[in-house]
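The next block holds one structure in the form of structure tokens; read it before the comments.
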Amino acid sequence: MAAILEVNHLSIAFGGLHAVDEFSIAIEKGELYGLIGPNGAGKTTVFNLLTGVYKPNEGIIRLDGKDITGRKTRDINKEGIARTFQNIRLFHQLSVLDNVKVGLHNHYSYLTLEGILHLGRYRRTEKRMDDEAMDLLRVFDLDQEALVTAANLPYGKQRKLEIARALATRPKLLLLDEPAAGMNPNETAELMDTIRFVRNKFDITILLIEHDMKLVSGICERLTVLNFGRILAQGETSQVLHDPEVIKAYLGE
Amino acid sequence: MSFLSYLLKGVSLGSVYAIIALGYTMVYGIAKMLNFAHGDVIMVGGYAAFTCSMTRGMAPLPSILIAMVVCTVLGIVIETIAYRPLLEAASPLAVLITAIGVSYFLQNIVLIIFGSNPKSFQSLVKIPGLKLADGALTISGETIVTILSCLIIMLILTQFISRTRMGQAMLAVSEDKGAAQLMGINVNSTIALTFAIGSGLAAIAGVLLCSAYPSLSPYTGAMPGIKAFVAAVFGGIGSIPGAFLGGILLGVIEILAKGYISTQLSDAIVFGVLIIVLLVRPTGLLGKRIQEKV
Amino acid sequence: MKNKKLMGNLITYGLVIVAYAIVAYLLHAGRLTSLVKGLLVPICVYVILAVSLNLVVGISGELSLGHAGFMCVGAFSGAFFSKCLQDTLSFAPLRLALAIAVGAVVAAVFGLLIGIPVLRLKGDYLAIVTLAFGEIIKNVMNIFYIGLDSNGFHFSVKDQFSMGMEPGGEILVSGPMGITGTPKDASFLAGIILILITLFVVLHLIDSRDGRAIMAIRDNRIAADSIGLNITHYKLMAFTVSAALTGAAGSLYAHNLATLQAKKFDYNFSILALVFVVLGGIGNIRGSVIAAVVLTVLPELLRGMANYRMLIYSIILILMMLFNWAPRFLEWRERHLGRLFRKNRKEE
């Protein structure tokens, strides 16, 4: 089967610490994949490696068959990986709508001069950007708040907006870093539906880091468990969650 | 011989820069802020010493001590009122802009009290100069005292940091504020202490600077302040030996540029050094690299 | 929202035009003192300087302390241009327009060249390096001599005699003495037009795809990187546009001065501009316009306060920063004045 993301023997060390060691993973197109593990296991570091924030000491990352190892963050986004952050990183002084429109940035264009003069192509392009952004906001039930400043959104909606912004870059692979963090059970359940809906509607692959076991077992088809930077278990969700090693290292504590 | 005397003059000026740079580098290391007003604290130190020795006719040593007390108190007051509330501000520019405000405040309050006319500062150094090589090379008393003071201050400061509890607390805070707090270190008072030390040293720098270049105006501190910051960056911000090395090198570069290239361009050359250092080796000669957290 | 933004922009333009109309009427009626008349062009210059610095500080989120340098190159290149064309091109408004364009282009080139290395740095370092560049520009301008005789142009960085000019040649730029005898082409109307152009460029840039990217990078550099924005490109764009507008202001300024000297453009000038920006509200363009006008006019009207001017500015600067940025004050504000400020925020 065609893997959308194929990672082989990815390693990085900070000082003497092997933050991620020999990390390999193959995610198939359209999959909903979970990356779990105790705090400090190196999950976010994996995301940072995949998105080019850190350069790996070793290993290869292939997206859709193309080697993207060591590329710049922004180029990796253009290749088709978008992400959210554990500690929400919105453009807090911009409106909700503008947050999404910045995500659309690389898919629309007009000259700077056209922008300054507000010429014809500016108006047409901005209109199309507004339409696409509003469509995205509707998916996350944020369309009513389109004109609100992002910083003034309640927490749960900020998380959603971050996902909407990532989707606006039209990724092949979406990385979600603890999307349910800080949400109540109702919000989490709703978020699960949204994530599934997004995967189907936009025909993308999702890799998510999560602590909430209900969410993980509810929507992830396969899992990888990290512990101390190394892979502890990998495979079908139900199998992995019953693995005695995993229970001992992670769930048991 | 002219080269040697330029060199000496450079080392002397560089020693003053080094003492000022210490204030920048310690504050930057611990509070992660550029104290733009540091140069003006020097100027206040100069005026305090001037008032004591010239106006009140006090002896040099008490004058210097009073100037140090004035600056130390000033440093703590500035930190508490203007900087501390902003250290956790959302924008890192907030505290820098405030520091610029403090800098202008100090300049203008002194301007109102003492007037804009430069005061002629009589050197507080009463040691006679040395004449070497049959008078071909003269080393002034100011030069000797300045270089010696700088060396002594460096020695005491490194000992203070490595040997005392307070020094260790400063190191801990500069490494990791949060962790230091968990270890029971009072972060706020450690930062205040850093400002106090930096400002006290600024008073000494002010007296030495005015003794060597005997003209004192409200703007006296501004340029040496900025250049000392350049020196701190040059040596590696946060590093005490770096401040020393950067200060001396910058002083020598400035005086040699003045002597051999052009008086008018010497400042441009000093700033050119800053730009080159930051582009080639942003962490300075002795600084260490910090990675941004995602 | 679109309409609201448009409304806001129209109010800003309207404010400038109304101010012009009032002053023009007073001028016509002969009700202005020569002191105020002398201030009209400088006020326009400060307004443009404040607005364009706000593009860097408020919109792009970087602190530049070197804008005096861009003003300096704009002023010198514009004045030099006009001196050279004084006899050939006698229609003053056209000559001024071209000189302003020259000042803008030269400053933009400097902005680009300086921006490329500088914008790799962040925060405090960026601020201090822009300050360094500003001072370098001032110092270098201070030693330039340019003369013109029948053999063409002569240059020197030493003094006017080492240019080896024929007798009767004209010295155009004279080191620390700068440029004298620039045609006094600047007028209040020209200043107002330039303000309107500046506002048009800045306000429309903010409200475009590029402006959004610039502000997104300001708000969160890491997130902006993750969604594929070219950070250096947009930082550089804001910096260069700002430098160009500042250079245009410099050129206008030069055409209002009998003698143009480089030493005028020291970093105090940059900091004065920063005071306008902070007091008008960081990122608030209309605020910059108002602050530049008020802070230039007020101290002149209250003559007795002249000495206290900078002192008061600095106190207001510190208080503004504390009140607007300190977490403790923000909390207090939210609690006690919450409704007042939330309403304001929506209106923006």
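For the structure tokens, the naming scheme is as follows: chains receive sequential letters (A, B, ...) according to their order of presentation, residues are indexed from 1 within each chain, and ligands are indexed from 1 in presentation order.
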May I have all residues of stretch 10-124 of chain B that DSSP, computed from the backbone, assigns to alpha helix (DSSP H), given as a PDB file with C-alpha atoms, in the first residue's frame?
```pdb
ATOM      1  CA  GLY B  10      42.703  52.055  24.084  1.00  0.00           C
ATOM      2  CA  VAL B  11      43.101  49.597  26.934  1.00  0.00           C
ATOM      3  CA  SER B  12      42.215  52.343  29.374  1.00  0.00           C
ATOM      4  CA  LEU B  13      39.058  53.340  27.496  1.00  0.00           C
ATOM      5  CA  GLY B  14      38.337  49.666  26.989  1.00  0.00           C
ATOM      6  CA  SER B  15      38.526  49.106  30.735  1.00  0.00           C
ATOM      7  CA  VAL B  16      35.792  51.673  31.247  1.00  0.00           C
ATOM      8  CA  TYR B  17      33.713  49.962  28.540  1.00  0.00           C
ATOM      9  CA  ALA B  18      34.356  46.636  30.227  1.00  0.00           C
ATOM     10  CA  ILE B  19      33.070  47.899  33.576  1.00  0.00           C
ATOM     11  CA  ILE B  20      29.947  49.300  31.922  1.00  0.00           C
ATOM     12  CA  ALA B  21      29.536  46.167  29.802  1.00  0.00           C
ATOM     13  CA  LEU B  22      29.443  44.118  32.994  1.00  0.00           C
ATOM     14  CA  GLY B  23      26.224  45.859  33.954  1.00  0.00           C
ATOM     15  CA  TYR B  24      24.679  45.099  30.569  1.00  0.00           C
ATOM     16  CA  THR B  25      25.816  41.544  30.409  1.00  0.00           C
ATOM     17  CA  MET B  26      24.712  40.610  33.936  1.00  0.00           C
ATOM     18  CA  VAL B  27      21.310  42.201  33.495  1.00  0.00           C
ATOM     19  CA  TYR B  28      20.892  40.621  30.090  1.00  0.00           C
ATOM     20  CA  GLY B  29      21.930  37.241  31.401  1.00  0.00           C
ATOM     21  CA  ILE B  30      19.474  37.346  34.269  1.00  0.00           C
ATOM     22  CA  ALA B  31      16.525  39.489  33.246  1.00  0.00           C
ATOM     23  CA  HIS B  38      22.413  51.822  31.841  1.00  0.00           C
ATOM     24  CA  GLY B  39      24.540  54.455  30.103  1.00  0.00           C
ATOM     25  CA  ASP B  40      22.566  57.187  31.783  1.00  0.00           C
ATOM     26  CA  VAL B  41      23.146  55.667  35.193  1.00  0.00           C
ATOM     27  CA  ILE B  42      26.833  56.252  34.475  1.00  0.00           C
ATOM     28  CA  MET B  43      26.069  59.883  33.811  1.00  0.00           C
ATOM     29  CA  VAL B  44      24.126  60.155  37.083  1.00  0.00           C
ATOM     30  CA  GLY B  45      27.148  58.632  38.823  1.00  0.00           C
ATOM     31  CA  GLY B  46      29.317  61.285  37.219  1.00  0.00           C
ATOM     32  CA  TYR B  47      27.042  64.078  38.442  1.00  0.00           C
ATOM     33  CA  ALA B  48      26.850  62.607  41.930  1.00  0.00           C
ATOM     34  CA  ALA B  49      30.635  62.479  42.174  1.00  0.00           C
ATOM     35  CA  PHE B  50      30.854  65.950  40.661  1.00  0.00           C
ATOM     36  CA  PRO B  60      37.783  61.659  46.104  1.00  0.00           C
ATOM     37  CA  LEU B  61      37.099  58.394  47.917  1.00  0.00           C
ATOM     38  CA  PRO B  62      33.943  59.441  49.810  1.00  0.00           C
ATOM     39  CA  SER B  63      32.733  61.132  46.626  1.00  0.00           C
ATOM     40  CA  ILE B  64      33.045  57.895  44.719  1.00  0.00           C
ATOM     41  CA  LEU B  65      31.364  55.932  47.487  1.00  0.00           C
ATOM     42  CA  ILE B  66      28.418  58.319  47.577  1.00  0.00           C
ATOM     43  CA  ALA B  67      28.129  58.136  43.801  1.00  0.00           C
ATOM     44  CA  MET B  68      28.028  54.348  44.072  1.00  0.00           C
ATOM     45  CA  VAL B  69      25.302  54.462  46.687  1.00  0.00           C
ATOM     46  CA  VAL B  70      23.271  56.892  44.590  1.00  0.00           C
ATOM     47  CA  CYS B  71      23.561  54.704  41.490  1.00  0.00           C
ATOM     48  CA  THR B  72      22.856  51.473  43.342  1.00  0.00           C
ATOM     49  CA  VAL B  73      19.666  52.888  44.800  1.00  0.00           C
ATOM     50  CA  LEU B  74      18.748  54.332  41.412  1.00  0.00           C
ATOM     51  CA  GLY B  75      19.288  50.966  39.735  1.00  0.00           C
ATOM     52  CA  ILE B  76      17.031  49.186  42.207  1.00  0.00           C
ATOM     53  CA  VAL B  77      14.342  51.851  41.940  1.00  0.00           C
ATOM     54  CA  ILE B  78      14.349  51.722  38.135  1.00  0.00           C
ATOM     55  CA  LEU B  93       9.658  45.133  22.931  1.00  0.00           C
ATOM     56  CA  ALA B  94       7.679  46.476  25.880  1.00  0.00           C
ATOM     57  CA  VAL B  95      10.509  46.483  28.383  1.00  0.00           C
ATOM     58  CA  LEU B  96      13.028  47.760  25.825  1.00  0.00           C
ATOM     59  CA  ILE B  97      10.843  50.717  24.925  1.00  0.00           C
ATOM     60  CA  THR B  98      10.349  51.419  28.620  1.00  0.00           C
ATOM     61  CA  ALA B  99      14.109  51.332  29.123  1.00  0.00           C
ATOM     62  CA  ILE B 100      14.449  53.924  26.378  1.00  0.00           C
ATOM     63  CA  GLY B 101      11.889  56.002  28.251  1.00  0.00           C
ATOM     64  CA  VAL B 102      13.905  55.679  31.461  1.00  0.00           C
ATOM     65  CA  SER B 103      17.035  56.707  29.588  1.00  0.00           C
ATOM     66  CA  TYR B 104      15.360  59.884  28.397  1.00  0.00           C
ATOM     67  CA  PHE B 105      13.871  60.508  31.791  1.00  0.00           C
ATOM     68  CA  LEU B 106      17.295  60.427  33.453  1.00  0.00           C
ATOM     69  CA  GLN B 107      18.871  62.660  30.820  1.00  0.00           C
ATOM     70  CA  ASN B 108      16.151  65.249  31.084  1.00  0.00           C
ATOM     71  CA  ILE B 109      15.800  65.304  34.828  1.00  0.00           C
ATOM     72  CA  VAL B 110      19.551  65.912  35.086  1.00  0.00           C
ATOM     73  CA  LEU B 111      19.239  68.526  32.360  1.00  0.00           C
ATOM     74  CA  ILE B 112      16.651  70.386  34.429  1.00  0.00           C
ATOM     75  CA  ILE B 113      18.613  70.121  37.673  1.00  0.00           C
ATOM     76  CA  PHE B 114      22.112  70.868  36.389  1.00  0.00           C
TER      77      PHE B 114
END
```
Those in stretch 30-241 of chain C with strand (DSSP E or B) from DSSP, as an mmCIF file with N, CA and C atoms, in the first residue's frame:
```cif
data_model
loop_
_atom_site.group_PDB
_atom_site.id
_atom_site.type_symbol
_atom_site.label_atom_id
_atom_site.label_comp_id
_atom_site.auth_asym_id
_atom_site.auth_seq_id
_atom_site.Cartn_x
_atom_site.Cartn_y
_atom_site.Cartn_z
ATOM 1 N N TYR C 145 32.356 64.990 0.704
ATOM 2 C CA TYR C 145 32.422 66.244 -0.040
ATOM 3 C C TYR C 145 32.143 65.935 -1.497
ATOM 4 N N ILE C 146 31.236 66.668 -2.108
ATOM 5 C CA ILE C 146 31.004 66.500 -3.537
ATOM 6 C C ILE C 146 31.009 67.887 -4.175
ATOM 7 N N GLY C 147 31.761 68.019 -5.248
ATOM 8 C CA GLY C 147 31.818 69.296 -5.946
ATOM 9 C C GLY C 147 31.544 69.094 -7.423
ATOM 10 N N LEU C 148 31.200 70.182 -8.078
ATOM 11 C CA LEU C 148 30.914 70.109 -9.518
ATOM 12 C C LEU C 148 31.590 71.282 -10.214
ATOM 13 N N ASP C 149 32.411 70.961 -11.233
ATOM 14 C CA ASP C 149 32.923 72.024 -12.091
ATOM 15 C C ASP C 149 32.819 71.569 -13.534
ATOM 16 N N GLY C 152 33.147 67.953 -14.440
ATOM 17 C CA GLY C 152 32.211 66.976 -13.890
ATOM 18 C C GLY C 152 32.260 66.945 -12.372
ATOM 19 N N PHE C 153 31.833 65.829 -11.798
ATOM 20 C CA PHE C 153 31.764 65.709 -10.342
ATOM 21 C C PHE C 153 33.118 65.383 -9.713
ATOM 22 N N HIS C 154 33.355 65.885 -8.518
ATOM 23 C CA HIS C 154 34.547 65.551 -7.729
ATOM 24 C C HIS C 154 34.107 65.067 -6.357
ATOM 25 N N PHE C 155 34.799 64.040 -5.874
ATOM 26 C CA PHE C 155 34.450 63.504 -4.546
ATOM 27 C C PHE C 155 35.648 63.565 -3.626
ATOM 28 N N SER C 156 35.360 63.649 -2.348
ATOM 29 C CA SER C 156 36.424 63.501 -1.362
ATOM 30 C C SER C 156 35.804 63.090 -0.045
ATOM 31 N N GLU C 170 31.387 74.517 -8.155
ATOM 32 C CA GLU C 170 30.463 74.667 -7.024
ATOM 33 C C GLU C 170 30.581 73.464 -6.094
ATOM 34 N N ILE C 171 30.649 73.763 -4.801
ATOM 35 C CA ILE C 171 30.660 72.666 -3.828
ATOM 36 C C ILE C 171 29.217 72.330 -3.484
ATOM 37 N N LEU C 172 28.825 71.078 -3.767
ATOM 38 C CA LEU C 172 27.432 70.692 -3.545
ATOM 39 C C LEU C 172 27.226 70.152 -2.134
ATOM 40 N N VAL C 173 28.100 69.226 -1.745
ATOM 41 C CA VAL C 173 28.001 68.657 -0.404
ATOM 42 C C VAL C 173 29.312 68.942 0.299
ATOM 43 N N SER C 174 29.216 69.522 1.478
ATOM 44 C CA SER C 174 30.422 70.005 2.113
ATOM 45 C C SER C 174 30.617 69.399 3.501
ATOM 46 N N ILE C 179 24.629 70.268 3.013
ATOM 47 C CA ILE C 179 24.177 70.901 1.785
ATOM 48 C C ILE C 179 23.508 72.222 2.134
ATOM 49 N N THR C 180 23.990 73.289 1.529
ATOM 50 C CA THR C 180 23.315 74.572 1.730
ATOM 51 C C THR C 180 22.694 75.006 0.407
#
```
For chain C versus chain A, which residues have an atom no more than 8 Å away, and what is each residue's nearest atom pair and distance in Å rounded to one decimal, using only C-alpha atoms, chain-then-number order, as a Markdown table?
```
| residue | atom | partner | partner_atom | distance |
| --- | --- | --- | --- | --- |
| C:Met1 | CA | A:Leu147 | CA | 6.8 |
| C:Phe200 | CA | A:Ile116 | CA | 7.7 |
| C:Val201 | CA | A:Ile116 | CA | 5.8 |
| C:Val202 | CA | A:Ile116 | CA | 7.9 |
| C:His204 | CA | A:Ile116 | CA | 4.9 |
| C:Leu205 | CA | A:Ile116 | CA | 5.0 |
| C:Asp207 | CA | A:Gly115 | CA | 7.9 |
| C:Ser208 | CA | A:Gly115 | CA | 5.3 |
| C:Arg209 | CA | A:His105 | CA | 7.0 |
| C:Asp210 | CA | A:Thr112 | CA | 6.7 |
| C:Arg212 | CA | A:Val102 | CA | 6.4 |
| C:Ala213 | CA | A:Val102 | CA | 6.2 |
| C:Met215 | CA | A:Leu94 | CA | 7.7 |
| C:Ala216 | CA | A:Phe91 | CA | 5.4 |
| C:Ile217 | CA | A:Phe91 | CA | 7.9 |
| C:Asp219 | CA | A:Phe91 | CA | 4.9 |
| C:Asn220 | CA | A:Phe91 | CA | 5.9 |
| C:Ile222 | CA | A:Arg89 | CA | 7.9 |
| C:Ala223 | CA | A:Arg89 | CA | 6.0 |
| C:Asp225 | CA | A:Arg74 | CA | 5.3 |
| C:Ser226 | CA | A:Arg74 | CA | 5.8 |
| C:Ile227 | CA | A:Gly103 | CA | 5.9 |
| C:Gly228 | CA | A:Arg74 | CA | 3.9 |
| C:Leu229 | CA | A:Arg74 | CA | 6.2 |
| C:Asn230 | CA | A:Arg74 | CA | 6.9 |
```
Save the residues we just selected, C-alpha atoms, as a short mmCIF file (atom, residue, chain, number, x, y, z; two decimals), in the first residue's frame?
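File written: out.cif
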```
data_model
loop_
_atom_site.label_atom_id
_atom_site.label_comp_id
_atom_site.auth_asym_id
_atom_site.auth_seq_id
_atom_site.Cartn_x
_atom_site.Cartn_y
_atom_site.Cartn_z
CA MET C 1 -15.96 44.39 8.91
CA PHE C 200 -2.79 55.22 1.56
CA VAL C 201 0.22 52.95 1.12
CA VAL C 202 0.40 51.83 4.74
CA HIS C 204 -3.83 49.47 2.12
CA LEU C 205 -0.77 47.34 2.63
CA ASP C 207 -5.40 45.35 4.42
CA SER C 208 -3.88 43.04 1.81
CA ARG C 209 -2.47 39.56 1.52
CA ASP C 210 1.05 40.82 2.21
CA ARG C 212 -1.82 39.92 6.72
CA ALA C 213 1.35 37.87 6.37
CA MET C 215 1.05 40.82 10.97
CA ALA C 216 0.80 37.04 11.26
CA ILE C 217 4.58 36.84 11.54
CA ASP C 219 1.88 37.65 16.21
CA ASN C 220 3.57 34.27 16.05
CA ILE C 222 6.75 29.89 14.63
CA ALA C 223 3.15 29.41 13.56
CA ASP C 225 6.66 29.47 9.53
CA SER C 226 4.55 26.34 9.96
CA ILE C 227 1.91 27.54 7.51
CA GLY C 228 4.48 28.28 4.84
CA LEU C 229 5.11 32.02 5.13
CA ASN C 230 8.49 33.33 4.04
#
```
Residues of chain C within 8 Å of chain B, counting only C-alpha atoms - could you list those as a VMD selection string?
chain C and resid 62 to 63 117 123 to 124 129 132 to 133 135 to 137 139 to 140 142 to 143 222 307 to 308 310 to 311 314 to 315 317 to 318 321 to 322 325 to 328
Restrict the selected residues to C-alpha atoms and save them as a JSON list (two decimals), in the first residue's frame.
```
[["chain", "number", "residue", "atom", "x", "y", "z"],
["C", 62, "GLU", "CA", 10.33, 44.89, 15.19],
["C", 63, "LEU", "CA", 11.90, 47.84, 16.94],
["C", 117, "PRO", "CA", 21.45, 41.23, 7.34],
["C", 123, "GLY", "CA", 14.24, 41.91, 19.35],
["C", 124, "ASP", "CA", 16.92, 43.78, 21.26],
["C", 129, "VAL", "CA", 21.92, 47.05, 15.10],
["C", 132, "ALA", "CA", 24.26, 51.19, 14.76],
["C", 133, "PHE", "CA", 23.43, 51.46, 11.07],
["C", 135, "GLU", "CA", 24.79, 56.15, 13.39],
["C", 136, "ILE", "CA", 27.07, 54.80, 10.66],
["C", 137, "ILE", "CA", 25.01, 56.53, 7.99],
["C", 139, "ASN", "CA", 28.94, 59.53, 10.43],
["C", 140, "VAL", "CA", 29.69, 58.63, 6.84],
["C", 142, "ASN", "CA", 29.33, 63.75, 7.74],
["C", 143, "ILE", "CA", 32.62, 63.34, 5.86],
["C", 222, "ILE", "CA", 6.75, 29.89, 14.63],
["C", 307, "ASN", "CA", 12.69, 72.39, 28.92],
["C", 308, "TYR", "CA", 10.22, 69.93, 30.32],
["C", 310, "MET", "CA", 11.37, 65.55, 26.72],
["C", 311, "LEU", "CA", 10.98, 64.89, 30.43],
["C", 314, "SER", "CA", 9.67, 60.13, 28.73],
["C", 315, "ILE", "CA", 7.34, 59.90, 31.72],
["C", 317, "LEU", "CA", 6.27, 56.82, 27.49],
["C", 318, "ILE", "CA", 7.05, 54.79, 30.61],
["C", 321, "MET", "CA", 4.12, 51.03, 28.38],
["C", 322, "LEU", "CA", 3.33, 49.99, 31.93],
["C", 325, "TRP", "CA", 1.70, 45.98, 28.52],
["C", 326, "ALA", "CA", 2.37, 45.04, 32.13],
["C", 327, "PRO", "CA", 0.36, 41.91, 32.94],
["C", 328, "ARG", "CA", -0.44, 43.27, 36.39]]
```
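For the choices A:Asn48, A:Leu226, A:Pro179, A:Gly37, the atom-to-atom distance to chain B is smallest for A:Asn48 when using only C-alpha atoms.
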If I take atom CA of B:Ile237 and atom CA of B:Gly287, how far is one from the other in Å, to one decimal?
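Taking atom CA of B:Ile237 as the start and atom CA of B:Gly287 as the end point, the length is 6.0 Å.
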For C:Val73, please output as a VMD selection string all residues within 8 Å (counting only C-alpha atoms; exclusion window: fewer than 4 positions along the same chain).
chain C and resid 69 77 103 106 to 107 137 247 250
For C:Val294, list every protein, DNA or RNA residue within 12 Å, evaluated using only C-alpha atoms, and leave out those in the same chain fewer than 3 positions away; present the list as an mmCIF file with C-alpha atoms, in the first residue's frame.
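Saved to part.cif:
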```
data_model
loop_
_atom_site.group_PDB
_atom_site.id
_atom_site.type_symbol
_atom_site.label_atom_id
_atom_site.label_comp_id
_atom_site.auth_asym_id
_atom_site.auth_seq_id
_atom_site.Cartn_x
_atom_site.Cartn_y
_atom_site.Cartn_z
ATOM 1 C CA LEU C 39 6.174 74.313 12.007
ATOM 2 C CA ILE C 43 4.811 68.534 11.392
ATOM 3 C CA CYS C 44 4.038 66.820 8.085
ATOM 4 C CA TYR C 46 7.045 63.953 11.641
ATOM 5 C CA VAL C 47 3.645 62.543 10.807
ATOM 6 C CA VAL C 275 7.819 58.349 21.152
ATOM 7 C CA PHE C 276 5.183 59.381 18.589
ATOM 8 C CA LEU C 279 2.092 57.532 22.474
ATOM 9 C CA GLY C 280 -0.213 57.209 19.486
ATOM 10 C CA GLY C 287 -2.849 57.419 16.612
ATOM 11 C CA SER C 288 0.610 58.033 15.154
ATOM 12 C CA VAL C 289 -0.720 60.902 13.057
ATOM 13 C CA ILE C 290 -2.411 62.528 16.018
ATOM 14 C CA ALA C 291 0.496 61.957 18.391
ATOM 15 C CA VAL C 297 2.549 71.610 18.418
ATOM 16 C CA LEU C 298 1.844 71.455 22.135
ATOM 17 C CA PRO C 299 5.344 72.184 23.458
ATOM 18 C CA GLU C 300 5.704 75.049 20.975
ATOM 19 C CA LEU C 301 2.498 76.622 22.173
ATOM 20 C CA LEU C 302 3.434 76.240 25.812
ATOM 21 C CA TYR C 313 7.466 62.616 26.958
#
```
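For the atom pair formed by atom CA of C:Ala21 and atom CA of C:Pro42, the distance is 17.6 Å, given to one decimal.
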All residues 12 Å or closer to A:Ile60, only C-alpha atoms, same chain fewer than 6 positions away omitted, as a list in words
Leu5, Glu6, Val7, Asn8, His9, Leu10, Ser11, Ile12, Glu22, Phe23, Ser24, Ile25, Ala26, Leu49, Leu50, Gly52, Lys66, Asp67, Ile68, Thr69, Gly70 and Arg71 of chain A
Can I get the selection written as a PDB file, in the first residue's frame, with C-alpha atoms?
```pdb
ATOM      1  CA  LEU A   5       4.361   9.350   5.314  1.00  0.00           C
ATOM      2  CA  GLU A   6       7.302   7.049   5.603  1.00  0.00           C
ATOM      3  CA  VAL A   7       9.905   7.683   8.273  1.00  0.00           C
ATOM      4  CA  ASN A   8      12.987   5.542   8.707  1.00  0.00           C
ATOM      5  CA  HIS A   9      15.377   5.480  11.645  1.00  0.00           C
ATOM      6  CA  LEU A  10      14.824   9.101  12.600  1.00  0.00           C
ATOM      7  CA  SER A  11      17.119  10.216  15.434  1.00  0.00           C
ATOM      8  CA  ILE A  12      18.025  13.448  17.154  1.00  0.00           C
ATOM      9  CA  GLU A  22      15.498   5.219  15.694  1.00  0.00           C
ATOM     10  CA  PHE A  23      11.943   6.358  15.072  1.00  0.00           C
ATOM     11  CA  SER A  24      10.273   4.634  12.120  1.00  0.00           C
ATOM     12  CA  ILE A  25       6.692   4.847  11.017  1.00  0.00           C
ATOM     13  CA  ALA A  26       4.623   4.289   7.881  1.00  0.00           C
ATOM     14  CA  LEU A  49      11.398  16.794  13.173  1.00  0.00           C
ATOM     15  CA  LEU A  50       8.634  16.052  10.676  1.00  0.00           C
ATOM     16  CA  GLY A  52      11.628  20.737   9.852  1.00  0.00           C
ATOM     17  CA  LYS A  66       9.373  12.403  -1.811  1.00  0.00           C
ATOM     18  CA  ASP A  67      12.365  12.871   0.472  1.00  0.00           C
ATOM     19  CA  ILE A  68      11.753  15.954   2.606  1.00  0.00           C
ATOM     20  CA  THR A  69      14.439  15.347   5.237  1.00  0.00           C
ATOM     21  CA  GLY A  70      16.214  18.511   6.329  1.00  0.00           C
ATOM     22  CA  ARG A  71      13.988  20.856   4.326  1.00  0.00           C
TER      23      ARG A  71
END
```
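With atom CA of B:Gln159 on one side and atom CA of B:Ile191 on the other, the separation reads 18.6 Å.
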